[in-house]
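Here is input-v3.cif, consisting of mmCIF, C-alpha atoms:
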data_structure
loop_
_atom_site.label_atom_id
_atom_site.label_comp_id
_atom_site.auth_asym_id
_atom_site.auth_seq_id
_atom_site.Cartn_x
_atom_site.Cartn_y
_atom_site.Cartn_z
CA MET I 977 -9.52 31.33 47.24
CA LYS I 978 -9.04 28.55 44.69
CA LEU I 979 -7.04 29.17 41.59
CA LYS I 980 -8.68 27.67 38.52
CA ILE I 981 -6.40 26.73 35.67
CA LYS I 982 -7.84 25.62 32.39
CA MET I 983 -6.19 22.71 30.64
CA SER I 984 -5.79 24.84 27.50
CA ASP I 985 -3.86 27.45 29.51
CA MET I 986 -1.52 24.76 30.84
CA LYS I 987 -0.88 23.42 27.37
CA LYS I 988 -0.11 26.88 26.04
CA ALA I 989 2.40 27.42 28.81
CA LYS I 990 4.36 24.31 27.74
CA LEU I 991 4.57 25.14 24.03
CA TYR I 992 7.96 25.47 22.45
CA PRO I 993 8.46 28.30 19.96
CA LEU I 994 7.40 27.20 16.47
CA LYS I 995 11.01 27.52 15.29
CA TYR I 996 11.84 24.56 17.55
CA TYR I 997 9.55 22.24 15.58
CA PHE I 998 10.90 23.24 12.17
CA ASP I 999 14.63 23.19 12.95
CA ASN I 1000 15.17 19.43 12.96
CA ASN I 1001 12.05 17.96 11.33
CA SER I 1002 10.55 17.78 7.88
CA ARG I 1003 7.80 20.33 7.36
CA GLU I 1004 4.99 17.81 7.64
CA ILE I 1005 6.39 16.21 10.80
CA ALA I 1006 6.97 19.63 12.33
CA ILE I 1007 3.38 20.66 11.56
CA ALA I 1008 2.01 17.43 13.05
CA LYS I 1009 4.10 17.77 16.23
CA ALA I 1010 3.17 21.43 16.68
CA ILE I 1011 -0.55 20.67 16.27
CA LYS I 1012 -0.26 17.72 18.66
CA ASP I 1013 1.38 19.99 21.22
CA GLY I 1014 -1.44 22.52 20.98
CA TYR I 1015 -0.68 25.00 18.23
CA LYS I 1016 -3.59 26.01 16.04
CA GLN I 1017 -3.33 25.53 12.30
CA ASN I 1018 -3.75 29.26 11.69
CA GLN I 1019 -0.76 30.00 13.98
CA ILE I 1020 1.40 27.59 12.01
CA ALA I 1021 0.10 29.00 8.73
CA LYS I 1022 1.06 32.51 9.79
CA TYR I 1023 4.53 31.35 10.87
CA LEU I 1024 5.14 29.54 7.56
CA LYS I 1025 3.40 32.23 5.50
CA LEU I 1026 0.97 29.68 4.09
CA SER I 1027 -2.80 29.51 4.11
CA PRO I 1028 -4.54 27.62 6.91
CA SER I 1029 -6.09 25.33 4.28
CA THR I 1030 -2.60 24.38 3.06
CA ILE I 1031 -1.59 23.50 6.61
CA SER I 1032 -4.78 21.48 6.97
CA LYS I 1033 -4.04 19.55 3.77
CA ILE I 1034 -0.42 18.86 4.78
CA TYR I 1035 -1.60 17.63 8.18
CA LYS I 1036 -4.31 15.44 6.64
CA VAL I 1037 -1.91 13.80 4.16
CA TYR I 1038 0.66 13.30 6.92
CA ASN I 1039 -1.92 11.48 9.03
CA GLN I 1040 -2.81 9.29 6.04
CA LYS I 1041 0.88 8.44 5.62
CA VAL I 1042 1.07 7.54 9.31
CA ARG I 1043 -1.98 5.27 8.95
CA LEU I 1044 -0.44 3.56 5.90
CA PHE I 1045 2.87 3.15 7.72
CA ASN I 1046 1.12 1.69 10.79
CA LYS I 1047 -0.80 -0.74 8.58
CA LEU I 1048 2.43 -1.85 6.90
CA ARG I 1049 4.23 -2.11 10.23
CA ASP I 1050 1.39 -4.17 11.71
CA LYS I 1051 1.56 -6.51 8.69
CA GLY I 1052 5.22 -7.10 9.56
CA ILE I 1053 6.69 -5.32 6.55
CA PHE I 1054 9.22 -3.51 8.75
CA TRP I 1055 10.33 -6.86 10.20
CA SER I 1056 13.93 -5.75 10.72
CA TYR I 1057 12.92 -2.85 12.98
CA SER I 1058 11.37 -2.57 16.43
CA LYS I 1059 7.63 -3.20 16.56
CA ASP I 1060 7.29 0.23 18.19
CA ILE I 1061 8.96 2.18 15.39
CA THR I 1062 7.01 5.20 14.14
CA PHE I 1063 6.62 6.92 10.80
CA ALA I 1064 8.36 10.01 12.22
CA GLN I 1065 11.43 7.87 12.98
CA VAL I 1066 11.45 6.08 9.62
CA GLY I 1067 10.49 8.92 7.29
CA ASN I 1068 9.29 8.98 3.72
CA ASP I 1069 12.21 7.30 1.96
CA LEU I 1070 12.37 4.12 4.02
CA THR I 1071 8.59 3.85 4.09
CA ILE I 1072 8.46 4.10 0.30
CA GLU I 1073 11.33 1.62 -0.13
CA TYR I 1074 9.68 -1.02 2.06
CA LEU I 1075 6.28 -0.28 0.57
CA LEU I 1076 7.61 -0.97 -2.92
CA LYS I 1077 9.57 -4.05 -1.84
CA TYR I 1078 7.00 -5.77 0.34
CA GLY I 1079 3.65 -3.97 0.11
CA ASP I 1080 0.47 -5.28 -1.45
CA PHE I 1081 -0.55 -3.80 -4.77
CA GLY I 1082 -3.32 -1.73 -3.14
CA ASP I 1083 -0.87 -0.34 -0.60
CA ILE I 1084 1.56 0.62 -3.38
CA VAL I 1085 -1.23 2.42 -5.23
CA GLU I 1086 -2.11 4.25 -2.00
CA GLY I 1087 1.58 5.15 -1.61
CA PHE I 1088 1.59 6.75 -5.06
CA HIS I 1089 -1.48 8.73 -4.07
CA LEU I 1090 0.04 9.96 -0.79
CA PHE I 1091 3.70 10.45 -1.68
CA GLY I 1092 3.30 11.37 -5.34
CA LYS I 1093 4.78 9.81 -8.45
CA LYS I 1094 7.87 12.02 -8.41
CA GLU I 1095 8.84 11.07 -4.83
CA MET I 1096 8.07 7.37 -5.39
CA LYS I 1097 10.21 7.35 -8.55
CA ARG I 1098 13.10 9.12 -6.83
CA VAL I 1099 13.21 6.53 -4.04
CA TRP I 1100 12.78 3.66 -6.52
CA GLU I 1101 15.69 4.93 -8.62
CA ASP I 1102 17.91 5.57 -5.57
CA ARG I 1103 17.22 2.40 -3.63
CA LEU I 1104 15.67 -0.34 -5.79
CA LYS I 1105 16.23 0.09 -9.49
CA SER I 1106 19.77 -1.35 -9.56
CA ASP I 1107 19.14 -4.04 -6.93
CA LYS I 1108 19.27 -7.34 -8.81
CA ARG I 1109 17.29 -9.09 -6.05
CA PHE I 1110 14.20 -7.20 -7.22
CA VAL I 1111 14.34 -7.49 -11.03
CA ARG I 1112 10.73 -8.74 -11.38
CA LEU I 1113 9.46 -6.05 -9.04
CA ASN I 1114 11.41 -3.38 -10.92
CA VAL I 1115 9.99 -4.50 -14.26
CA MET I 1116 6.46 -4.32 -12.85
CA VAL I 1117 6.99 -0.92 -11.19
CA ALA I 1118 8.71 0.53 -14.27
CA ARG I 1119 6.02 -0.63 -16.68
CA LEU I 1120 2.94 -0.09 -14.57
CA PHE I 1121 3.72 3.08 -12.65
CA PHE I 1122 6.40 4.87 -14.70
CA ASP I 1123 5.28 3.93 -18.23
CA MET I 1124 8.72 2.57 -19.12
CA ASP I 1125 9.01 0.00 -21.91
CA VAL I 1126 11.63 -2.26 -20.32
CA ASP I 1127 12.25 -5.93 -19.62
CA GLY I 1128 14.29 -7.83 -17.04
CA ASP I 1129 17.50 -7.55 -19.08
CA TYR I 1130 17.42 -3.77 -18.66
CA PHE I 1131 17.69 -4.14 -14.88
CA LYS I 1132 20.19 -6.99 -15.00
CA LYS I 1133 22.59 -4.77 -16.96
CA LEU I 1134 22.45 -1.94 -14.42
CA GLU I 1135 25.33 -1.64 -12.02
CA ASN I 1136 24.15 -2.72 -8.59
CA ALA I 1137 24.77 0.36 -6.42
CA ARG I 1138 24.19 -1.59 -3.21
CA PHE I 1139 26.70 -4.28 -4.18
CA LYS I 1140 29.20 -1.61 -5.26
CA LYS I 1141 28.98 0.07 -1.81
CA LEU I 1142 29.46 -3.24 0.01
CA LYS I 1143 32.43 -4.10 -2.21
CA LEU I 1144 34.00 -0.71 -1.51
CA LEU I 1145 33.54 -1.14 2.23
CA ALA I 1146 35.07 -4.62 2.12
CA SER I 1147 38.12 -3.39 0.20
CA GLN I 1148 38.86 -0.73 2.85
CA ASN I 1149 39.40 -3.37 5.55
#
Using the file provided, produce a representation of the structure as structure tokens.
Amino acid sequence: MKLKIKMSDMKKAKLYPLKYYFDNNSREIAIAKAIKDGYKQNQIAKYLKLSPSTISKIYKVYNQKVRLFNKLRDKGIFWSYSKDITFAQVGNDLTIEYLLKYGDFGDIVEGFHLFGKKEMKRVWEDRLKSDKRFVRLNVMVARLFFDMDVDGDYFKKLENARFKKLKLLASQN
């Protein structure tokens, strides 16, 4: 007598509990990994107490972010990282930072669509706004995307947070 095992049964046997996916990952990465491993969107929705359509939307946007990241990586924008690096390893903040620094205008617009204005502004303020190497970029981003009426002098007067950190590290040695 032959024992027939369906591939779907084998996959179900290897699934980790959903808690495993959500303990150490962002919600969207956890959802993507759980779906990739074989969980159904309605199972994840029930676990998170969300609607299946919300899970579907999160998963769709996550996949669009991955595609944008891969496009940027393939263009060489993440030149200081391994060519095999993934969006899950890099995350939203670094992707947004490099997108703003080195992305094409169309890619930046797509980033605003996928990550949202609030998230893009948070990363810009945390990582780029005070960086004097990017004054022209900051003027363009501030005026075009955040409706700020500023010029280059505004950014030149800001304390460079990156420089301040490096200076502090150097003084400790």
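The smallest atom-to-atom distance between I:Val1115 and any of I:Asn1039, I:Asn1001, I:Asp1102, I:Asp1129, using all atoms listed in the file, is found for I:Asp1129.
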**Message:** Give me, as an MDAnalysis selection string, all polymer residues having an atom no more than 10 Å from I:Val1042, counting all atoms listed in the file and skipping those fewer than 2 positions away in the same chain.
**Reply:** chainID I and resid 1036:1040 1044:1048 1062:1064 1067 1071
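Among the candidates I:Ile1011, I:Leu1076, I:Ala1146, I:Ile1020, the one nearest to I:Phe1110 when counting all atoms listed in the file is I:Leu1076.
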**Request:** Would you be able to write out as a PyMOL selection string which residues have an atom within 10 Å of (8.2, 2.4, 1.8) in the file's coordinates, counting only C-alpha atoms?
**Result:** chain I and resi 1044-1045+1048+1053-1054+1066-1079+1083-1084+1087+1091+1096+1099-1100
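For the atom pair formed by atom CA of I:Lys1105 and atom CA of I:Tyr1130, the distance is 10.0 Å, given to one decimal.
Close contacts of I:Val1111, defined as residues with an atom at most 9 Å away when counting all atoms listed in the file, with chain neighbours fewer than 4 positions off set aside, comprise Leu1104, Lys1105, Ser1106, Asp1107, Val1115, Met1116, Asp1127, Gly1128, Asp1129, Phe1131 and Lys1132 of chain I.
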**Item:** Output check: residues returned by the PyMOL selection byres ((chain I and resi 1016) around 12), as a PyMOL selection string
**Value:** chain I and resi 984+987-988+991+994+1007-1015+1017-1023+1028+1031-1032+1035
**Request:** Rank nothing, just name the residue among I:Gln1148, I:Asn1114, I:Ser1002, I:Thr1030 nearest to I:Gln1065, using all atoms listed in the file.
**Result:** I:Ser1002
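Reported to one decimal place, the separation of atom CA of I:Ile1034 from atom CA of I:Glu1004 is 6.2 Å.
Between atom CA of I:Lys1108 and atom CA of I:Leu1134 there is a distance of 8.4 Å.
The list of residues with at least one atom within 9 Å of I:Val1085, based on all atoms listed in the file and without residues fewer than 5 positions apart in the same chain, reads Asp1080, Leu1090 and Phe1121 of chain I.
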